[in-house]
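Here is the structure we will look at.
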Amino acid sequence: MRGRRPTRSLPIGCLALVALLPFAFGASFSVAELTRSAARVFRGRCVAARPGTVDLRGRPLAATAYTFEVSEYLKGEGPRTLTFRQAGTPERDVTDLGRIAGLTVFAPGNEYVIFLRPESKAGLTSAAGRGRGVLLVSGETVRAVDIDGRTPAPGSETIAYGALRGAVMQVLKEDARRH
């Protein structure tokens, strides 16, 4: 009879969190930081992008209303169909605030995981981590997305969605224990 080697096991969420810390978010953003700075974290498909304007202290500001069919909320709650407004327009001319700020353009038809910051007084929001909180979904994997919202960021790793989900849940669980 063969002896079994003892194994050490860590909760899968911890392993996922460790694996994802440097994952294509840039050196200064981890899954934990993105999760903590987001009001909502969700997986959903962009179904509409409607350019318009918002009133910012009496002046019009170009913004886009993005609508998503949400398949899962990892943090926070919300409707199955979620609409939020973000500065900038999909056209991104040289004076576009969204372009200047490096905000992702969400493309209808694409599925994403988004770490969405709280809404401002002007009714605007954006992804956490200066755009690092947007991941492009392909089947059951995710990759950091380029600013165009359509292609993976150069050099980004492919990570299993389950691992990312586990990492987010682990952060939320740890934070709940602290409070």
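Going by the structure tokens order, chains are called A, B, ..., each with residues numbered from 1, while ligands are numbered from 1 in the order shown.
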
Sorted per-residue table, segment 105-139 of chain A near segment 76-92 of chain A, closest atoms and distance, 9 Å, only C-alpha atoms, as CSV:
residue,atom,partner,partner_atom,distance
A:Val105,CA,A:Pro90,CA,5.8
A:Phe106,CA,A:Pro90,CA,8.0
A:Ala107,CA,A:Pro90,CA,8.5
A:Glu119,CA,A:Phe84,CA,8.5
A:Gly123,CA,A:Arg85,CA,6.8
A:Leu124,CA,A:Arg85,CA,5.0
A:Thr125,CA,A:Gln86,CA,5.3
A:Ser126,CA,A:Gln86,CA,5.7

Those selected residues, please, written with N, CA and C atoms and delivered as a CSV table (one decimal), in the first residue's frame.
chain,number,residue,atom,x,y,z
A,105,VAL,N,-14.3,52.4,-23.0
A,105,VAL,CA,-15.5,52.5,-23.8
A,105,VAL,C,-16.1,51.1,-23.8
A,106,PHE,N,-17.4,50.9,-23.3
A,106,PHE,CA,-18.0,49.6,-23.3
A,106,PHE,C,-18.7,49.4,-24.6
A,107,ALA,N,-18.5,48.3,-25.2
A,107,ALA,CA,-19.0,48.0,-26.5
A,107,ALA,C,-20.3,47.1,-26.4
A,119,GLU,N,-21.6,56.3,-7.4
A,119,GLU,CA,-22.0,57.4,-8.3
A,119,GLU,C,-21.7,58.7,-7.7
A,123,GLY,N,-24.2,62.2,-10.9
A,123,GLY,CA,-24.8,61.0,-11.5
A,123,GLY,C,-23.9,60.3,-12.4
A,124,LEU,N,-22.6,60.5,-12.2
A,124,LEU,CA,-21.6,59.8,-13.1
A,124,LEU,C,-20.8,58.7,-12.2
A,125,THR,N,-20.3,57.7,-12.9
A,125,THR,CA,-19.5,56.7,-12.3
A,125,THR,C,-18.5,56.2,-13.3
A,126,SER,N,-17.6,55.4,-12.9
A,126,SER,CA,-16.6,54.8,-13.8
A,126,SER,C,-16.1,53.5,-13.1

Run DSSP on the backbone of this structure and report the residues of segment 45-159 of chain A it assigns to strand (DSSP E or B), as a short mmCIF file (atom, residue, chain, number, x, y, z; two decimals) with C-alpha atoms, in the first residue's frame.
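So selection.cif came out as:
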data_model
loop_
_atom_site.label_atom_id
_atom_site.label_comp_id
_atom_site.auth_asym_id
_atom_site.auth_seq_id
_atom_site.Cartn_x
_atom_site.Cartn_y
_atom_site.Cartn_z
CA ARG A 45 -23.32 42.10 -21.17
CA CYS A 46 -23.40 45.64 -22.53
CA VAL A 47 -26.64 46.02 -24.49
CA ALA A 48 -26.63 49.77 -25.22
CA ALA A 49 -24.38 52.84 -25.28
CA ARG A 50 -26.28 56.11 -25.59
CA PRO A 51 -24.20 59.32 -25.80
CA GLY A 52 -25.72 62.42 -24.24
CA THR A 53 -24.88 65.13 -21.72
CA VAL A 54 -25.13 65.67 -17.98
CA ASP A 55 -25.30 68.94 -16.11
CA LEU A 56 -22.05 69.54 -14.24
CA ARG A 59 -22.37 73.30 -17.78
CA PRO A 60 -23.08 70.42 -20.16
CA LEU A 61 -20.63 67.54 -20.03
CA ALA A 62 -20.55 64.81 -22.68
CA ALA A 63 -21.40 61.46 -21.10
CA THR A 64 -22.60 58.04 -22.19
CA ALA A 65 -25.37 55.98 -20.59
CA TYR A 66 -24.33 52.33 -20.71
CA THR A 67 -26.94 49.62 -20.17
CA PHE A 68 -26.03 46.11 -19.06
CA GLU A 69 -27.94 42.86 -18.68
CA VAL A 70 -26.42 41.68 -15.40
CA SER A 71 -25.96 37.94 -14.96
CA GLU A 72 -24.39 38.14 -11.48
CA TYR A 73 -23.62 40.71 -8.79
CA LEU A 74 -20.50 39.79 -6.85
CA LYS A 75 -20.71 42.89 -4.63
CA THR A 81 -30.88 45.60 -16.29
CA LEU A 82 -28.43 48.21 -14.98
CA THR A 83 -27.77 51.60 -16.55
CA PHE A 84 -25.00 53.93 -15.45
CA ARG A 85 -23.50 57.11 -16.90
CA GLN A 86 -19.82 57.70 -17.47
CA ALA A 87 -18.00 60.82 -18.67
CA GLU A 111 -19.55 40.79 -21.73
CA TYR A 112 -17.54 42.29 -18.87
CA VAL A 113 -16.82 42.05 -15.17
CA ILE A 114 -16.90 45.61 -13.84
CA PHE A 115 -15.73 46.96 -10.49
CA LEU A 116 -18.02 50.03 -10.52
CA LEU A 124 -21.60 59.77 -13.08
CA ALA A 127 -14.66 51.60 -13.17
CA VAL A 134 -12.89 46.28 -16.25
CA LEU A 135 -12.35 42.72 -17.44
CA LEU A 136 -13.42 41.27 -20.76
CA VAL A 137 -15.26 37.95 -20.42
CA SER A 138 -14.77 35.11 -22.90
CA THR A 141 -12.33 33.28 -18.49
CA VAL A 142 -11.54 36.97 -18.06
CA ARG A 143 -8.76 39.30 -19.18
CA ALA A 144 -8.01 42.94 -18.52
CA VAL A 145 -9.53 44.97 -21.34
CA PRO A 152 -7.68 42.38 -24.25
CA ILE A 159 -7.80 33.98 -15.62
#

Fill in: Residue nearest Ala32 of chain A among A:Asp146, A:Asp93, A:Glu157, A:Glu174 (counting only C-alpha atoms)
A:Glu174

Worksheet item: Out of A:Val94, A:Ala160, A:Val31, A:Leu103, which residue has the shortest atom-to-atom distance to Ile147 of chain A when counting only C-alpha atoms?
Response: A:Leu103

Practice prompt. Between A:Gly44, A:Gly155, A:Pro118, A:Gly133, single out the one closest to Thr104 of chain A, counting only C-alpha atoms.
Written response: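 Looking only at the distances to Thr104 of chain A, the closest residue turns out to be A:Gly133.
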
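The smallest atom-to-atom distance between Lys121 of chain A and any of A:Leu97, A:Gln170, A:Phe42, A:Arg57, using only C-alpha atoms, is found for A:Arg57.
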
Worksheet item: Hey, can you check how far atom CA of Leu34 of chain A sits from atom CA of Ile100 of chain A?
Response: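 Pair atom CA of Leu34 of chain A / atom CA of Ile100 of chain A returns 21.0 Å.
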